[in-house]
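Asks: Got a structure for you, written out below as structure tokens; questions coming shortly.
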Amino acid sequence: MKVTEHLKNAQNTVISFEILPPLKGKGIQSLYNHLDPLMEYKPSFINVTYHRSEHVFKKMGDGNFKKVVVRKRPGTESICAAIMNKYNVDTVPHLICGGFDVNETEDALINLHYLGIDNVLVLRGDAAKNETNFEPEPGGHQYAIDLLKQVQNLNSGLYLEEDLKNTTSTKFCIGVAGYPEKHFEAPNMDTDLQFLKQKVDAGADYIVTQMFFDNAKFFAFVDACRAIGINVPIIPGLKPVYNKKQLTILPKVFHIDLPTDLSSEIIKCKNDEDVEKVGAEWLLHQSRDLKNAGVEALHYYTLGKPNLIANVVKQLL
Ligand SMILES: NC(=O)C1=CN([C@@H]2O[C@H](COP(=O)(O)OP(=O)(O)OC[C@H]3O[C@@H](n4cnc5c(N)ncnc54)[C@H](O)[C@@H]3O)[C@@H](O)[C@H]2O)C=CC1
Ligand SMILES: Nc1nc(=O)c2c([nH]1)NC[C@@H]1CN(c3ccc(C(=O)N[C@@H](CCC(=O)O)C(=O)O)cc3)CN21
């Protein structure tokens, strides 16, 4: 079922989780171990992130370095199928522009269609680890909106091979990303919002946000979106803080702020165990406040901390 149908049919706040494919070599059981504690809380859908190949320099026996290409987290499409089979829950595979040309993307979409997956989250993707700025793949897309248009074409039965006859139209429900604290490359909030509006006008069905730790920023973002005519559902994305390093890593990697109340509590903590308690408390507080404000859904980035998230959702419901 489509994410938008889940939102429409829900009696209560929709809960969803996001996971990363396991690192290559780990096997599917590691993923099930991650999901098992979460499934009790009946998520409406599970997002699975998408990862490109990376160039890494491997040190050889003779001391020289060899450039090798590795895809550390393959398997998004088949992981979605495995989750659907095991837990009978909808999945939302992510698709990214970076690292894939349009033919590879079409093949991924065809696979998803065959698997009976009704949703995709279309993203540009981060810059490759060995690059400072995002560089599109030759023959690939530059912006999420270009990828979105490719999905829209397939939803209209238009494949890359234009002379295909009697084609089947796919029916993907399309999500896009939004940034309550602005995407770091956008010159200002207004411009970023206009690009977001372009994605919605091009057919995005809903928005899921970057993580944030101050609900006031989310509410202001929703207001700003509504003011410029973005009327699709906006799902808040939430992530707990659970170690001291995240005090600097989260702002650096995700270009978001931690509110002073939260950062000063974390600074006071003696160890990461204490940070985890503070982070869980903060997440519960944020979730309750958003739920009380009437948000349609809460989307949790569970990465590495399923039990913490499960515990928060348990107290929330
Ligand atoms: N994997 C995930 O679940 C998520 C990933 N992200 C990451 O966030 C980053 C951005 O992805 P998206 O938001 O999907 O990308 P996007 O293509 O919508 O936007 C990327 C940047 O380009 C700007 N932009 C958009 N259209 C433009 C245009 N026509 N001309 C000039 N600038 C334009 C935007 O303001 C933004 O700064 C990626 O690094 C993505 O991986 C963000 C949220 C979720
Ligand atoms: N820029 C960006 N890229 C993403 O892939 C992404 C977002 N933002 N925001 C929404 C979700 C959340 N995702 C993720 C992916 C990885 C971690 C993660 O590994 N976090 C580590 C530190 C990050 C690092 O060291 O690179 C953590 O300690 O939280 C968190 C959220 C994937 N998504």
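Ordered as shown in the structure tokens, chains take letters A, B, and onward, while each chain numbers its residues from 1 and ligands are numbered from 1 in the order shown.
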If the limit is 7 Å from any atom of ligand 2, counting only C-alpha atoms and all ligand atoms, which residues qualify? Return them as a ChimeraX atom specification.
Replies: /A:49,125-126,210-211,246,249-250,253-254,301,303
Asks: Mind running chain A against ligand 1 at 6 Å and telling me each contacting residue's nearest atom pair with the distance in Å (one decimal), counting only C-alpha atoms and all ligand atoms, chain and number ascending, as a Markdown table?
Replies:
```
| residue | atom | partner | partner_atom_place_in_ligand_line | distance |
| --- | --- | --- | --- | --- |
| A:Thr49 | CA | ligand 1 | 1 (N) | 5.4 |
| A:Leu123 | CA | ligand 1 | 14 (O) | 3.2 |
| A:Arg124 | CA | ligand 1 | 14 (O) | 4.1 |
| A:Gly125 | CA | ligand 1 | 41 (O) | 3.0 |
| A:Asp126 | CA | ligand 1 | 39 (O) | 3.2 |
| A:Tyr143 | CA | ligand 1 | 17 (O) | 3.5 |
| A:Ala144 | CA | ligand 1 | 17 (O) | 3.8 |
| A:Ala177 | CA | ligand 1 | 13 (O) | 4.8 |
| A:His183 | CA | ligand 1 | 37 (O) | 4.7 |
| A:Phe184 | CA | ligand 1 | 37 (O) | 6.0 |
| A:Glu185 | CA | ligand 1 | 37 (O) | 4.1 |
| A:Ala186 | CA | ligand 1 | 37 (O) | 3.9 |
| A:Asp192 | CA | ligand 1 | 35 (O) | 4.0 |
| A:Phe195 | CA | ligand 1 | 26 (N) | 4.9 |
| A:Gln210 | CA | ligand 1 | 43 (C) | 5.0 |
```
Asks: Of the residues A:Ser287, A:Cys97, A:Asp146, A:Phe172, which is the one nearest to Lys314 (chain A), using only C-alpha atoms?
Replies: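 Answer, going by the shortest atom-to-atom distance: A:Ser287.
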Asks: Have a look at A:Lys129, A:Lys86, A:Lys67, A:His141 and name the one nearest to Arg52 (chain A); count only C-alpha atoms.
Replies: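 For Arg52 (chain A), the nearest of the candidates is A:Lys129.
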Asks: Near region 214-221 of chain A, within 7 Å and counting only C-alpha atoms, which residues show up once chain neighbours fewer than 2 positions away are dropped, as a ChimeraX atom specification?
Replies: /A:180-181,212,223-225,259,286
Asks: Quick one: pull the distance between CA of Lys24 (chain A) and CA of Val102 (chain A), Å, one decimal.
Replies: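 That distance, rounded to one decimal, is 24.6 Å.
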Asks: Please identify which residues in region 193-242 of chain A DSSP calls strand (DSSP E) from the backbone, and express them as a VMD selection string.
Replies: chain A and resid 206 to 211 234 to 238
Asks: Dump C-alpha atoms for the selected residues as a PDB file, in the first residue's frame?
Replies:
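Generated file (out.pdb):
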```
ATOM      1  CA  TYR A 206       4.658  13.699   0.495  1.00  0.00           C
ATOM      2  CA  ILE A 207       7.737  15.087   2.232  1.00  0.00           C
ATOM      3  CA  VAL A 208       9.834  13.468   4.940  1.00  0.00           C
ATOM      4  CA  THR A 209      12.154  15.772   6.822  1.00  0.00           C
ATOM      5  CA  GLN A 210      15.765  15.682   7.771  1.00  0.00           C
ATOM      6  CA  MET A 211      16.227  14.966  11.470  1.00  0.00           C
ATOM      7  CA  ILE A 234       5.003  16.556   5.796  1.00  0.00           C
ATOM      8  CA  ILE A 235       6.363  13.721   7.934  1.00  0.00           C
ATOM      9  CA  PRO A 236       8.858  14.627  10.672  1.00  0.00           C
ATOM     10  CA  GLY A 237      12.070  12.541  10.699  1.00  0.00           C
ATOM     11  CA  LEU A 238      13.465  11.868  14.173  1.00  0.00           C
TER      12      LEU A 238
END
```
Asks: Report, in Å to a single decimal, how far apart CA of Glu18 (chain A) and CA of Ala204 (chain A) are.
Replies: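 Distance between the two atoms: 19.2 Å.
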Asks: Which of these residues is nearest to Val68 (chain A), using only C-alpha atoms: A:Asn130, A:Pro43, A:Lys165, A:Gln150?
Replies: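 Comparing A:Asn130, A:Pro43, A:Lys165, A:Gln150 against Val68 (chain A), the winner is A:Asn130.
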Asks: Let me make sure I understand: among A:Leu283, A:Val176, A:Val275, A:Val232, which one has the smallest atom-to-atom distance to Leu7 (chain A) if we use only C-alpha atoms?
Replies: A:Val232
Asks: Using DSSP secondary structure from the backbone, list all alpha helix (DSSP H) positions within region 200-306 of chain A, as number ranges by chain.
Replies: A: 200-201, 215-227, 246-254, 260-268, 272-292, 306
Asks: Near Val56 (chain A), counting only C-alpha atoms, which residues have an atom at most 12 Å away, once you skip same-chain residues fewer than 2 positions from it, shown as a PyMOL selection string?
Replies: chain A and resi 53-54+58-59+65-72+128-131
Asks: Rank nothing, just name the residue among A:Phe45, A:Phe100, A:Tyr114, A:Trp282 nearest to Ser78 (chain A), using only C-alpha atoms.
Replies: A:Tyr114
Asks: What's the 9 Å shell around Leu38 (chain A), counting only C-alpha atoms, without same-chain residues fewer than 5 positions away, as a JSON list (two decimals) with C-alpha atoms, in the first residue's frame?
Replies:
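And here is the file that came out, result37.json:
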```json
[["chain", "number", "residue", "atom", "x", "y", "z"],
["A", 17, "PHE", "CA", 11.11, 3.26, 10.76],
["A", 43, "PRO", "CA", 4.95, 0.42, 11.77],
["A", 306, "PRO", "CA", 16.33, -0.27, 17.70],
["A", 307, "ASN", "CA", 15.74, -0.91, 21.40],
["A", 309, "ILE", "CA", 13.46, 3.64, 19.59],
["A", 310, "ALA", "CA", 11.18, 0.73, 20.55],
["A", 313, "VAL", "CA", 7.45, 4.35, 20.83]]
```
Asks: Under the rule that only C-alpha atoms are counted, which of A:Ala227, A:Leu160, A:Ile174, A:Ile96 is the nearest residue to Leu193 (chain A)?
Replies: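 Nearest candidate to Leu193 (chain A) out of A:Ala227, A:Leu160, A:Ile174, A:Ile96: A:Ala227.
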Asks: By how many Å are CA of Gly175 (chain A) and CA of Val120 (chain A) apart?
Replies: 6.3 Å
Asks: Quick one: residues within 9 Å of Pro21 (chain A), only C-alpha atoms counted, chain neighbours fewer than 3 positions away excluded, as JSON, numbers by chain?
Replies: {"A": [24, 28, 31, 48, 49, 50, 51, 73, 74, 75, 76, 79]}
Asks: Determine, counting only C-alpha atoms, which protein, DNA and RNA residues have an atom within 12 Å of an atom of Glu273 (chain A); residues of the same chain fewer than 5 positions away are not included. Present the result as a PDB file with C-alpha atoms, in the first residue's frame.
Replies:
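File written: out01.pdb
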```
ATOM      1  CA  VAL A 241      21.326  11.265  20.324  1.00  0.00           C
ATOM      2  CA  TYR A 242      23.111   8.458  22.146  1.00  0.00           C
ATOM      3  CA  ASN A 243      26.778   9.336  22.438  1.00  0.00           C
ATOM      4  CA  LYS A 244      28.913  12.377  23.143  1.00  0.00           C
ATOM      5  CA  ILE A 266      24.730  15.962  27.083  1.00  0.00           C
ATOM      6  CA  VAL A 278      19.102  12.006  27.886  1.00  0.00           C
ATOM      7  CA  GLY A 279      18.661  11.282  24.155  1.00  0.00           C
ATOM      8  CA  ALA A 280      15.786   8.847  24.760  1.00  0.00           C
ATOM      9  CA  LEU A 308      15.991   2.769  22.299  1.00  0.00           C
TER      10      LEU A 308
END
```
